[in-house]
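Novice: The following file, coords_11.cif, comprises mmCIF, C-alpha atoms and all ligand atoms; chains and numbers go by the auth columns:
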```cif
data_run
#
loop_
_atom_site.group_PDB
_atom_site.id
_atom_site.type_symbol
_atom_site.label_atom_id
_atom_site.label_comp_id
_atom_site.label_asym_id
_atom_site.label_seq_id
_atom_site.Cartn_x
_atom_site.Cartn_y
_atom_site.Cartn_z
_atom_site.B_iso_or_equiv
_atom_site.auth_seq_id
_atom_site.auth_asym_id
ATOM 1 C CA MET A 1 142.823 -56.590 -40.647 0.00 659 J
ATOM 2 C CA THR A 2 139.080 -56.851 -40.911 0.00 660 J
ATOM 3 C CA THR A 3 137.170 -56.883 -44.149 0.00 661 J
ATOM 4 C CA LYS A 4 134.457 -54.312 -44.363 0.00 662 J
ATOM 5 C CA LYS A 5 131.328 -55.619 -46.030 0.00 663 J
ATOM 6 C CA THR A 6 129.351 -52.806 -47.581 0.00 664 J
ATOM 7 C CA ALA A 7 127.320 -54.886 -49.996 0.00 665 J
ATOM 8 C CA ALA A 8 123.742 -55.524 -48.942 0.00 666 J
ATOM 9 C CA PHE A 9 123.880 -58.782 -50.832 0.00 667 J
ATOM 10 C CA ASP A 10 126.463 -61.083 -52.163 0.00 668 J
ATOM 11 C CA GLN A 11 128.092 -60.851 -55.509 0.00 669 J
ATOM 12 C CA GLN A 12 127.862 -64.558 -56.206 0.00 670 J
ATOM 13 C CA GLN A 13 124.109 -64.563 -55.690 0.00 671 J
ATOM 14 C CA MET A 14 123.718 -61.669 -58.080 0.00 672 J
ATOM 15 C CA THR A 15 125.787 -63.373 -60.753 0.00 673 J
ATOM 16 C CA SER A 16 123.798 -66.583 -60.398 0.00 674 J
ATOM 17 C CA ALA A 17 120.478 -64.716 -60.625 0.00 675 J
ATOM 18 C CA MET A 18 121.732 -63.080 -63.819 0.00 676 J
ATOM 19 C CA GLY A 19 122.984 -66.433 -65.083 0.00 677 J
ATOM 20 C CA LYS A 20 119.575 -68.016 -64.520 0.00 678 J
ATOM 21 C CA ALA A 21 117.828 -65.208 -66.378 0.00 679 J
ATOM 22 C CA ARG A 22 120.270 -65.577 -69.254 0.00 680 J
ATOM 23 C CA TYR A 23 119.671 -69.345 -69.377 0.00 681 J
ATOM 24 C CA LEU A 24 115.898 -68.891 -69.467 0.00 682 J
ATOM 25 C CA TRP A 25 116.101 -66.443 -72.338 0.00 683 J
ATOM 26 C CA THR A 26 118.505 -68.631 -74.296 0.00 684 J
ATOM 27 C CA THR A 27 116.099 -71.551 -73.960 0.00 685 J
ATOM 28 C CA PHE A 28 113.274 -69.347 -75.082 0.00 686 J
ATOM 29 C CA ALA A 29 115.176 -67.952 -78.083 0.00 687 J
ATOM 30 C CA ARG A 30 116.006 -71.506 -79.223 0.00 688 J
ATOM 31 C CA ARG A 31 112.385 -72.591 -79.106 0.00 689 J
ATOM 32 C CA ALA A 32 110.878 -69.434 -80.571 0.00 690 J
ATOM 33 C CA THR A 33 108.993 -69.981 -83.788 0.00 691 J
ATOM 34 C CA SER A 34 107.881 -66.438 -84.567 0.00 692 J
ATOM 35 C CA ALA A 35 109.834 -63.296 -85.401 0.00 693 J
ATOM 36 C CA LEU A 36 108.041 -61.424 -82.614 0.00 694 J
ATOM 37 C CA ALA A 37 109.101 -63.948 -80.013 0.00 695 J
ATOM 38 C CA LEU A 38 112.689 -63.746 -81.233 0.00 696 J
ATOM 39 C CA ALA A 39 112.522 -59.964 -81.075 0.00 697 J
ATOM 40 C CA ALA A 40 111.324 -60.225 -77.466 0.00 698 J
ATOM 41 C CA ALA A 41 114.258 -62.487 -76.613 0.00 699 J
ATOM 42 C CA ALA A 42 116.687 -60.045 -78.266 0.00 700 J
ATOM 43 C CA GLN A 43 115.189 -57.166 -76.291 0.00 701 J
ATOM 44 C CA ALA A 44 115.455 -59.091 -73.039 0.00 702 J
ATOM 45 C CA PHE A 45 119.089 -59.947 -73.765 0.00 703 J
ATOM 46 C CA GLY A 46 119.760 -56.252 -74.408 0.00 704 J
ATOM 47 C CA ALA A 47 118.204 -55.405 -71.040 0.00 705 J
ATOM 48 C CA LEU A 48 120.267 -58.088 -69.328 0.00 706 J
ATOM 49 C CA ALA A 49 123.473 -56.735 -70.864 0.00 707 J
ATOM 50 C CA ARG A 50 122.610 -53.234 -69.606 0.00 708 J
ATOM 51 C CA GLU A 51 121.922 -54.598 -66.151 0.00 709 J
ATOM 52 C CA MET A 52 125.281 -56.382 -66.122 0.00 710 J
ATOM 53 C CA ASP A 53 126.995 -53.089 -67.109 0.00 711 J
ATOM 54 C CA ALA A 54 125.175 -51.243 -64.351 0.00 712 J
ATOM 55 C CA TYR A 55 126.128 -53.919 -61.879 0.00 713 J
ATOM 56 C CA ASP A 56 129.813 -53.637 -62.835 0.00 714 J
ATOM 57 C CA ALA A 57 129.626 -49.875 -62.423 0.00 715 J
ATOM 58 C CA TYR A 58 128.003 -50.433 -59.033 0.00 716 J
ATOM 59 C CA LEU A 59 130.833 -52.730 -57.912 0.00 717 J
ATOM 60 C CA LEU A 60 133.316 -50.055 -58.939 0.00 718 J
ATOM 61 C CA LEU A 61 131.484 -47.460 -56.831 0.00 719 J
ATOM 62 C CA GLN A 62 131.521 -49.835 -53.917 0.00 720 J
ATOM 63 C CA HIS A 63 135.237 -50.412 -54.326 0.00 721 J
ATOM 64 C CA GLN A 64 135.853 -46.654 -54.363 0.00 722 J
ATOM 65 C CA GLU A 65 133.875 -46.290 -51.148 0.00 723 J
ATOM 66 C CA GLU A 66 135.901 -49.019 -49.491 0.00 724 J
ATOM 67 C CA GLU A 67 139.039 -47.107 -50.473 0.00 725 J
ATOM 68 C CA GLY A 68 137.660 -44.103 -48.651 0.00 726 J
ATOM 69 C CA GLU A 69 136.804 -42.097 -51.765 0.00 727 J
ATOM 70 C CA THR A 70 133.463 -40.437 -52.283 0.00 728 J
ATOM 71 C CA PRO A 71 132.136 -41.124 -55.765 0.00 729 J
ATOM 72 C CA THR A 72 130.382 -38.162 -57.361 0.00 730 J
ATOM 73 C CA ILE A 73 126.640 -37.861 -57.410 0.00 731 J
ATOM 74 C CA CYS A 74 126.786 -38.291 -61.214 0.00 732 J
ATOM 75 C CA ALA A 75 128.447 -41.680 -60.833 0.00 733 J
ATOM 76 C CA TYR A 76 125.512 -42.952 -58.772 0.00 734 J
ATOM 77 C CA GLU A 77 123.063 -41.336 -61.117 0.00 735 J
ATOM 78 C CA GLU A 78 124.544 -43.088 -64.132 0.00 736 J
ATOM 79 C CA VAL A 79 124.056 -46.518 -62.573 0.00 737 J
ATOM 80 C CA LEU A 80 120.461 -45.685 -61.724 0.00 738 J
ATOM 81 C CA ILE A 81 119.773 -44.433 -65.250 0.00 739 J
ATOM 82 C CA VAL A 82 121.146 -47.615 -66.837 0.00 740 J
ATOM 83 C CA LEU A 83 119.061 -49.714 -64.460 0.00 741 J
ATOM 84 C CA SER A 84 115.866 -47.839 -65.202 0.00 742 J
ATOM 85 C CA ARG A 85 116.454 -48.101 -68.963 0.00 743 J
ATOM 86 C CA ALA A 86 117.052 -51.813 -68.592 0.00 744 J
ATOM 87 C CA GLY A 87 113.772 -52.003 -66.666 0.00 745 J
ATOM 88 C CA GLU A 88 111.903 -50.316 -69.512 0.00 746 J
ATOM 89 C CA ASN A 89 113.344 -52.799 -71.993 0.00 747 J
ATOM 90 C CA TRP A 90 112.318 -55.707 -69.818 0.00 748 J
ATOM 91 C CA TYR A 91 108.726 -54.638 -69.821 0.00 749 J
ATOM 92 C CA ARG A 92 108.745 -53.927 -73.550 0.00 750 J
ATOM 93 C CA ALA A 93 110.081 -57.443 -74.080 0.00 751 J
ATOM 94 C CA ALA A 94 107.290 -58.819 -71.910 0.00 752 J
ATOM 95 C CA LYS A 95 104.687 -56.903 -73.933 0.00 753 J
ATOM 96 C CA THR A 96 106.105 -58.110 -77.242 0.00 754 J
ATOM 97 C CA LEU A 97 106.049 -61.598 -75.852 0.00 755 J
ATOM 98 C CA GLN A 98 102.378 -61.355 -74.972 0.00 756 J
ATOM 99 C CA ALA A 99 101.559 -60.131 -78.469 0.00 757 J
ATOM 100 C CA SER A 100 103.525 -62.925 -80.131 0.00 758 J
ATOM 101 C CA SER A 101 100.985 -65.729 -79.455 0.00 759 J
ATOM 102 C CA GLU A 102 103.947 -68.056 -79.445 0.00 760 J
ATOM 103 C CA GLU A 103 102.739 -71.645 -79.219 0.00 761 J
ATOM 104 C CA THR A 104 105.982 -73.207 -78.059 0.00 762 J
ATOM 105 C CA LEU A 105 106.457 -70.908 -75.092 0.00 763 J
ATOM 106 C CA PRO A 106 107.743 -72.640 -71.968 0.00 764 J
ATOM 107 C CA THR A 107 105.171 -72.152 -69.180 0.00 765 J
ATOM 108 C CA ALA A 108 107.535 -69.730 -67.471 0.00 766 J
ATOM 109 C CA PHE A 109 106.950 -67.338 -70.359 0.00 767 J
ATOM 110 C CA ALA A 110 103.254 -67.966 -70.907 0.00 768 J
ATOM 111 C CA ASN A 111 102.296 -64.423 -69.912 0.00 769 J
ATOM 112 C CA ARG A 112 103.766 -61.271 -68.489 0.00 770 J
ATOM 113 C CA GLU A 113 103.065 -62.161 -64.871 0.00 771 J
ATOM 114 C CA ALA A 114 104.703 -65.583 -65.230 0.00 772 J
ATOM 115 C CA LEU A 115 107.700 -63.975 -66.892 0.00 773 J
ATOM 116 C CA VAL A 116 108.090 -61.365 -64.191 0.00 774 J
ATOM 117 C CA THR A 117 107.890 -64.061 -61.518 0.00 775 J
ATOM 118 C CA THR A 118 110.449 -66.185 -63.354 0.00 776 J
ATOM 119 C CA CYS A 119 112.921 -63.339 -63.516 0.00 777 J
ATOM 120 C CA LEU A 120 112.011 -62.036 -60.071 0.00 778 J
ATOM 121 C CA GLU A 121 115.166 -63.180 -58.334 0.00 779 J
ATOM 122 C CA GLN A 122 117.291 -61.190 -60.729 0.00 780 J
ATOM 123 C CA ARG A 123 114.952 -58.195 -60.554 0.00 781 J
ATOM 124 C CA LEU A 124 115.066 -58.223 -56.758 0.00 782 J
ATOM 125 C CA ARG A 125 118.861 -58.105 -56.740 0.00 783 J
ATOM 126 C CA LEU A 126 118.724 -55.043 -58.957 0.00 784 J
ATOM 127 C CA VAL A 127 116.150 -53.398 -56.735 0.00 785 J
ATOM 128 C CA GLU A 128 118.593 -53.988 -53.884 0.00 786 J
ATOM 129 C CA VAL A 129 121.316 -52.233 -55.855 0.00 787 J
ATOM 130 C CA CYS A 130 118.989 -49.272 -56.443 0.00 788 J
ATOM 131 C CA THR A 131 117.948 -49.118 -52.805 0.00 789 J
ATOM 132 C CA HIS A 132 121.551 -49.270 -51.621 0.00 790 J
ATOM 133 C CA LEU A 133 122.567 -46.503 -54.037 0.00 791 J
ATOM 134 C CA LEU A 134 119.708 -44.282 -52.959 0.00 792 J
ATOM 135 C CA LYS A 135 120.626 -44.789 -49.312 0.00 793 J
ATOM 136 C CA LEU A 136 124.231 -43.823 -50.002 0.00 794 J
ATOM 137 C CA LEU A 137 123.113 -40.785 -51.950 0.00 795 J
ATOM 138 C CA GLN A 138 120.938 -39.722 -49.068 0.00 796 J
ATOM 139 C CA LYS A 139 123.689 -40.295 -46.531 0.00 797 J
ATOM 140 C CA LYS A 140 126.470 -38.546 -48.401 0.00 798 J
ATOM 141 C CA HIS A 141 124.697 -35.833 -50.280 0.00 799 J
ATOM 142 C CA LYS A 142 121.726 -35.200 -48.024 0.00 800 J
ATOM 143 C CA ILE A 143 119.257 -35.338 -50.873 0.00 801 J
ATOM 144 C CA LEU A 144 116.841 -37.915 -52.085 0.00 802 J
ATOM 145 C CA LEU A 145 115.216 -37.722 -55.460 0.00 803 J
ATOM 146 C CA LEU A 146 112.221 -40.008 -55.424 0.00 804 J
ATOM 147 C CA VAL A 147 110.866 -40.645 -58.875 0.00 805 J
ATOM 148 C CA GLU A 148 107.593 -42.449 -58.965 0.00 806 J
ATOM 149 C CA SER A 149 106.964 -43.847 -62.383 0.00 807 J
ATOM 150 C CA GLN A 150 104.829 -46.697 -63.483 0.00 808 J
ATOM 151 C CA LEU A 151 106.023 -49.488 -65.685 0.00 809 J
ATOM 152 C CA PRO A 152 104.340 -49.611 -69.092 0.00 810 J
ATOM 153 C CA GLY A 153 101.307 -51.861 -68.934 0.00 811 J
ATOM 154 C CA TYR A 154 100.808 -51.302 -65.211 0.00 812 J
ATOM 155 C CA GLU A 155 99.036 -47.943 -65.453 0.00 813 J
ATOM 156 C CA ASP A 156 96.037 -49.080 -63.468 0.00 814 J
ATOM 157 C CA ASP A 157 97.795 -50.363 -60.353 0.00 815 J
ATOM 158 C CA CYS A 158 97.583 -48.434 -57.073 0.00 816 J
ATOM 159 C CA MET A 159 100.769 -46.425 -56.496 0.00 817 J
ATOM 160 C CA TYR A 160 100.077 -45.520 -52.880 0.00 818 J
ATOM 161 C CA LEU A 161 103.237 -46.280 -50.900 0.00 819 J
ATOM 162 C CA VAL A 162 102.984 -48.918 -48.194 0.00 820 J
ATOM 163 C CA ARG A 163 105.653 -50.247 -45.850 0.00 821 J
ATOM 164 C CA ILE A 164 106.762 -53.865 -46.067 0.00 822 J
ATOM 165 C CA PRO A 165 106.149 -55.206 -42.518 0.00 823 J
ATOM 166 C CA ASN A 166 109.287 -55.293 -40.334 0.00 824 J
ATOM 167 C CA SER A 167 111.452 -53.573 -42.921 0.00 825 J
ATOM 168 C CA GLY A 168 112.451 -50.083 -43.923 0.00 826 J
ATOM 169 C CA TYR A 169 111.190 -50.505 -47.472 0.00 827 J
ATOM 170 C CA LEU A 170 108.306 -48.682 -49.046 0.00 828 J
ATOM 171 C CA VAL A 171 106.638 -50.252 -52.066 0.00 829 J
ATOM 172 C CA CYS A 172 103.635 -49.438 -54.252 0.00 830 J
ATOM 173 C CA CYS A 173 100.414 -51.089 -53.080 0.00 831 J
ATOM 174 C CA ASN A 174 99.789 -52.395 -56.634 0.00 832 J
ATOM 175 C CA ALA A 175 96.106 -53.308 -56.137 0.00 833 J
ATOM 176 C CA ALA A 176 94.083 -52.975 -59.329 0.00 834 J
ATOM 177 C CA THR A 177 92.237 -49.686 -59.733 0.00 835 J
ATOM 178 C CA GLU A 178 90.976 -47.299 -62.367 0.00 836 J
ATOM 179 C CA GLU A 179 90.731 -44.235 -60.133 0.00 837 J
ATOM 180 C CA HIS A 180 93.360 -41.632 -59.340 0.00 838 J
ATOM 181 C CA CYS A 181 93.855 -39.087 -56.557 0.00 839 J
ATOM 182 C CA ILE A 182 92.728 -35.641 -57.697 0.00 840 J
ATOM 183 C CA ALA A 183 95.720 -33.949 -56.035 0.00 841 J
ATOM 184 C CA CYS A 184 98.823 -36.076 -56.548 0.00 842 J
ATOM 185 C CA GLY A 185 97.419 -37.979 -59.541 0.00 843 J
ATOM 186 C CA ARG A 186 98.575 -41.388 -58.357 0.00 844 J
ATOM 187 C CA PRO A 187 96.364 -44.314 -59.346 0.00 845 J
ATOM 188 C CA THR A 188 94.730 -45.193 -56.013 0.00 846 J
ATOM 189 C CA CYS A 189 92.744 -48.245 -54.923 0.00 847 J
ATOM 190 C CA PRO A 190 89.579 -47.978 -52.765 0.00 848 J
ATOM 191 C CA ALA A 191 91.542 -48.887 -49.595 0.00 849 J
ATOM 192 C CA HIS A 192 93.869 -45.916 -50.048 0.00 850 J
ATOM 193 C CA PHE A 193 91.281 -43.230 -50.720 0.00 851 J
ATOM 194 C CA SER A 194 90.411 -41.033 -47.737 0.00 852 J
ATOM 195 C CA ALA A 195 86.970 -39.659 -46.989 0.00 853 J
ATOM 196 C CA ARG A 196 88.134 -36.117 -47.817 0.00 854 J
ATOM 197 C CA THR A 197 87.339 -34.535 -51.178 0.00 855 J
ATOM 198 C CA LEU A 198 88.563 -31.530 -53.126 0.00 856 J
ATOM 199 C CA TYR A 199 86.396 -29.363 -55.343 0.00 857 J
ATOM 200 C CA VAL A 200 87.860 -28.742 -58.787 0.00 858 J
ATOM 201 C CA GLN A 201 86.612 -27.178 -61.974 0.00 859 J
ATOM 202 C CA ASP A 202 89.025 -27.512 -64.861 0.00 860 J
ATOM 203 C CA ARG A 203 90.138 -29.898 -67.613 0.00 861 J
ATOM 204 C CA GLU A 204 90.129 -32.820 -65.171 0.00 862 J
ATOM 205 C CA GLY A 205 86.433 -32.386 -64.449 0.00 863 J
ATOM 206 C CA LYS A 206 83.981 -30.473 -62.299 0.00 864 J
ATOM 207 C CA GLY A 207 82.856 -31.391 -58.799 0.00 865 J
ATOM 208 C CA ASP A 208 84.151 -32.967 -55.608 0.00 866 J
ATOM 209 C CA PHE A 209 86.857 -35.560 -56.133 0.00 867 J
ATOM 210 C CA THR A 210 88.396 -37.917 -53.613 0.00 868 J
ATOM 211 C CA LEU A 211 91.902 -37.532 -52.175 0.00 869 J
ATOM 212 C CA CYS A 212 94.325 -40.299 -51.237 0.00 870 J
ATOM 213 C CA TRP A 213 95.283 -40.611 -47.551 0.00 871 J
ATOM 214 C CA LYS A 214 98.621 -38.822 -48.019 0.00 872 J
ATOM 215 C CA SER A 215 97.155 -35.901 -49.954 0.00 873 J
ATOM 216 C CA ALA A 216 94.271 -35.646 -47.493 0.00 874 J
ATOM 217 C CA GLN A 217 96.780 -34.542 -44.844 0.00 875 J
ATOM 218 C CA LEU A 218 97.714 -31.407 -46.791 0.00 876 J
ATOM 219 C CA PRO A 219 96.051 -28.019 -46.351 0.00 877 J
ATOM 220 C CA ARG A 220 93.947 -26.766 -49.248 0.00 878 J
ATOM 221 C CA GLU A 221 96.542 -24.279 -50.597 0.00 879 J
ATOM 222 C CA GLU A 222 99.189 -26.999 -50.785 0.00 880 J
ATOM 223 C CA LEU A 223 96.795 -29.348 -52.543 0.00 881 J
ATOM 224 C CA GLU A 224 96.323 -26.673 -55.202 0.00 882 J
ATOM 225 C CA ILE A 225 100.091 -26.298 -55.604 0.00 883 J
ATOM 226 C CA VAL A 226 100.533 -30.079 -56.001 0.00 884 J
ATOM 227 C CA ARG A 227 97.725 -30.193 -58.572 0.00 885 J
ATOM 228 C CA GLN A 228 98.958 -27.226 -60.591 0.00 886 J
ATOM 229 C CA LEU A 229 102.486 -28.607 -60.707 0.00 887 J
ATOM 230 C CA ARG A 230 101.217 -32.020 -61.811 0.00 888 J
ATOM 231 C CA LEU A 231 98.925 -30.535 -64.465 0.00 889 J
ATOM 232 C CA SER A 232 101.685 -28.327 -65.834 0.00 890 J
ATOM 233 C CA LEU A 233 104.124 -31.258 -65.994 0.00 891 J
ATOM 234 C CA ASN A 234 101.564 -33.435 -67.748 0.00 892 J
ATOM 235 C CA SER A 235 100.468 -30.884 -70.310 0.00 893 J
HETATM 236 ZN ZN ZN B . 97.119 -38.147 -53.499 0.00 901 J
HETATM 237 ZN ZN ZN B . 96.245 -49.241 -52.733 0.00 902 J
#
```
Write out the structure in this file as structure tokens.
Specialist:
Amino acid sequence: MTTKKTAAFDQQQMTSAMGKARYLWTTFARRATSALALAAAAQAFGALAREMDAYDAYLLLQHQEEEGETPTICAYEEVLIVLSRAGENWYRAAKTLQASSEETLPTAFANREALVTTCLEQRLRLVEVCTHLLKLLQKKHKILLLVESQLPGYEDDCMYLVRIPNSGYLVCCNAATEEHCIACGRPTCPAHFSARTLYVQDREGKGDFTLCWKSAQLPREELEIVRQLRLSLNS
């Protein structure tokens, strides 16, 4: 009998990434001298606990698949929701941490970027879980809901999707920018703006505004539809 391996990564690695994150936060909580820093640690622990729950639920789904069952779309959705909530809490914790001016912070926690890098291994595992779930959803249910949302504090990073070389993954470009595409509304860096413009005259301004490369491929009527939908969702 052969063992079918459906996991894109190994369970042990995931557990050790989680364990490392937990250790870092425990160290931080012990050294914290301000209430804000402690609050950040508590928030991060909360996020970790949610991620562990989501991971357990994910393993259960995987087990069901190995048994030949097809978990419902809601079951996948629940795991994704828990993961995205955990993600929000992570970034709130990072923001609190930055505001705490904690003097005894280990260098790994000196600022948000350092923190994100420190916990990257664990974050990457969770991204893998998300990617795997989305692939399964697409395969079994023939739909893919792609939600592009920006993490709090990262509002000015380019959200144009670029492919990681030699892989099937698309990620946000993330280059710093303060401009957005007039059609899709994504923050877009100079490299991802096309030469094409769209004339608008409404609450977003008056005149010719630049389109990102993706939007620039759409005919005018479709650009209007994209804009109107975005404006109505944002109002
Ligand atoms: Zn666009
Ligand atoms: Zn870009």
Novice: Residue by residue, what does the PyMOL selection byres (((chain J and resi 855-864) around 12) and not hetatm) grab here? Present the result as JSON, numbers by chain.
Specialist: {"J": [838, 839, 840, 841, 842, 843, 851, 852, 853, 854, 865, 866, 867, 868, 869, 870, 871, 873, 874, 875, 876, 877, 878, 879, 880, 881, 882, 885, 886, 888, 889, 890, 892, 893]}
Novice: In Å, with one decimal, what is the gap from CA of Tyr681 in chain J to CA of Leu738 in chain J?
Specialist: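 These two atoms are separated by 24.9 Å.
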Novice: Would you compute the distance between CA of Arg708 in chain J and CA of Glu786 in chain J? Give it in Å to one decimal.
Specialist: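 Computed distance, CA of Arg708 in chain J to CA of Glu786 in chain J, equals 16.2 Å.
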Novice: Carefully work through the PyMOL selection byres (((chain J and resi 710) around 10) and not hetatm) for this structure and note down the residues it includes, as a list in words.
Specialist: Met672, Thr673, Met676, Gly704, Ala705, Leu706, Ala707, Arg708, Glu709, Asp711, Ala712, Tyr713, Asp714, Ala715, Tyr716, Val740, Leu741, Ala744 and Leu784 of chain J
Novice: If you measure from CA of Leu791 in chain J to CA of Phe703 in chain J, what distance in Å do you get, rounded to one decimal?
Specialist: 24.1 Å
Novice: Just say which residues the PyMOL selection byres (((not hetatm)) within 6 of (chain J and resi 902)) picks in this file, as a PyMOL selection string.
Specialist: chain J and resi 816+818+831+833+846-847+849-850
Novice: J:Glu723, J:Glu837, J:Asp814, J:Glu736: which is nearest ligand ZN 901 (chain J), counting only C-alpha atoms and all ligand atoms?
Specialist: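 Checking each of J:Glu723, J:Glu837, J:Asp814, J:Glu736 against ligand ZN 901 (chain J), counting only C-alpha atoms and all ligand atoms, the winner is J:Glu837.
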Novice: Which residue out of J:Pro823, J:Pro729, J:Gly677, J:Pro845 has the minimum interatomic distance to ligand ZN 901 (chain J) when all atoms listed in the file are used?
Specialist: J:Pro845
Novice: Just checking: using all atoms listed in the file, which residue out of J:Gly745, J:Ala752, J:Leu717, J:Thr730 ends up closest to Leu696 in chain J?
Specialist: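 Closest candidate: J:Ala752.
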Novice: For ligand ZN 901 (chain J), which of J:Lys753, J:Gly726, J:Ile883, J:Lys872 is the closest residue, counting all atoms listed in the file?
Specialist: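 Of J:Lys753, J:Gly726, J:Ile883, J:Lys872, the one nearest ligand ZN 901 (chain J) is J:Lys872, counting all atoms listed in the file.
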Novice: Would you list the contacts of Val829 in chain J as a PyMOL selection string, taking every protein, DNA or RNA residue within 10 Å and counting all atoms listed in the file, but skipping same-chain residues closer than 5 positions in sequence?
Specialist: chain J and resi 817-822
Novice: For Asn747 in chain J, list every protein, DNA or RNA residue within 7 Å, evaluated using all atoms listed in the file, and leave out those in the same chain fewer than 3 positions away; present the list as JSON, numbers by chain.
Specialist: {"J": [701, 702, 705, 743, 744, 750, 751]}
Novice: Nearest to ligand ZN 901 (chain J) among J:Val884, J:Leu891, J:Leu694, J:Ala687, with distances taken over all atoms listed in the file: which residue is it?
Specialist: J:Val884
Novice: Would you mind completing range 724-738 of chain J so that it carries N, CA and C atoms, and writing it out as a CSV table (one decimal), in the frame of the given file?
Specialist:
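Wrote it out as rebuild27.csv, contents follow:
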```csv
chain,number,residue,atom,x,y,z
J,724,GLU,N,135.1,-48.3,-50.4
J,724,GLU,CA,135.9,-49.0,-49.5
J,724,GLU,C,137.3,-48.4,-49.4
J,725,GLU,N,137.7,-47.8,-50.5
J,725,GLU,CA,139.0,-47.1,-50.5
J,725,GLU,C,139.0,-45.7,-49.8
J,726,GLY,N,137.8,-45.4,-49.3
J,726,GLY,CA,137.7,-44.1,-48.7
J,726,GLY,C,137.3,-42.9,-49.6
J,727,GLU,N,137.1,-43.2,-50.9
J,727,GLU,CA,136.8,-42.1,-51.8
J,727,GLU,C,135.3,-41.9,-51.7
J,728,THR,N,134.9,-40.7,-52.2
J,728,THR,CA,133.5,-40.4,-52.3
J,728,THR,C,133.1,-40.3,-53.8
J,729,PRO,N,132.5,-41.3,-54.4
J,729,PRO,CA,132.1,-41.1,-55.8
J,729,PRO,C,131.2,-39.9,-56.0
J,730,THR,N,131.2,-39.3,-57.1
J,730,THR,CA,130.4,-38.2,-57.4
J,730,THR,C,128.9,-38.6,-57.5
J,731,ILE,N,128.1,-37.6,-57.3
J,731,ILE,CA,126.6,-37.9,-57.4
J,731,ILE,C,126.3,-38.4,-58.8
J,732,CYS,N,127.0,-37.9,-59.8
J,732,CYS,CA,126.8,-38.3,-61.2
J,732,CYS,C,127.1,-39.8,-61.4
J,733,ALA,N,128.1,-40.3,-60.7
J,733,ALA,CA,128.4,-41.7,-60.8
J,733,ALA,C,127.3,-42.6,-60.4
J,734,TYR,N,126.7,-42.2,-59.3
J,734,TYR,CA,125.5,-43.0,-58.8
J,734,TYR,C,124.3,-42.8,-59.8
J,735,GLU,N,124.2,-41.6,-60.2
J,735,GLU,CA,123.1,-41.3,-61.1
J,735,GLU,C,123.1,-42.2,-62.4
J,736,GLU,N,124.4,-42.3,-62.9
J,736,GLU,CA,124.5,-43.1,-64.1
J,736,GLU,C,124.1,-44.5,-64.0
J,737,VAL,N,124.5,-45.1,-62.8
J,737,VAL,CA,124.1,-46.5,-62.6
J,737,VAL,C,122.5,-46.6,-62.5
J,738,LEU,N,121.9,-45.7,-61.8
J,738,LEU,CA,120.5,-45.7,-61.7
J,738,LEU,C,119.8,-45.5,-63.1
```
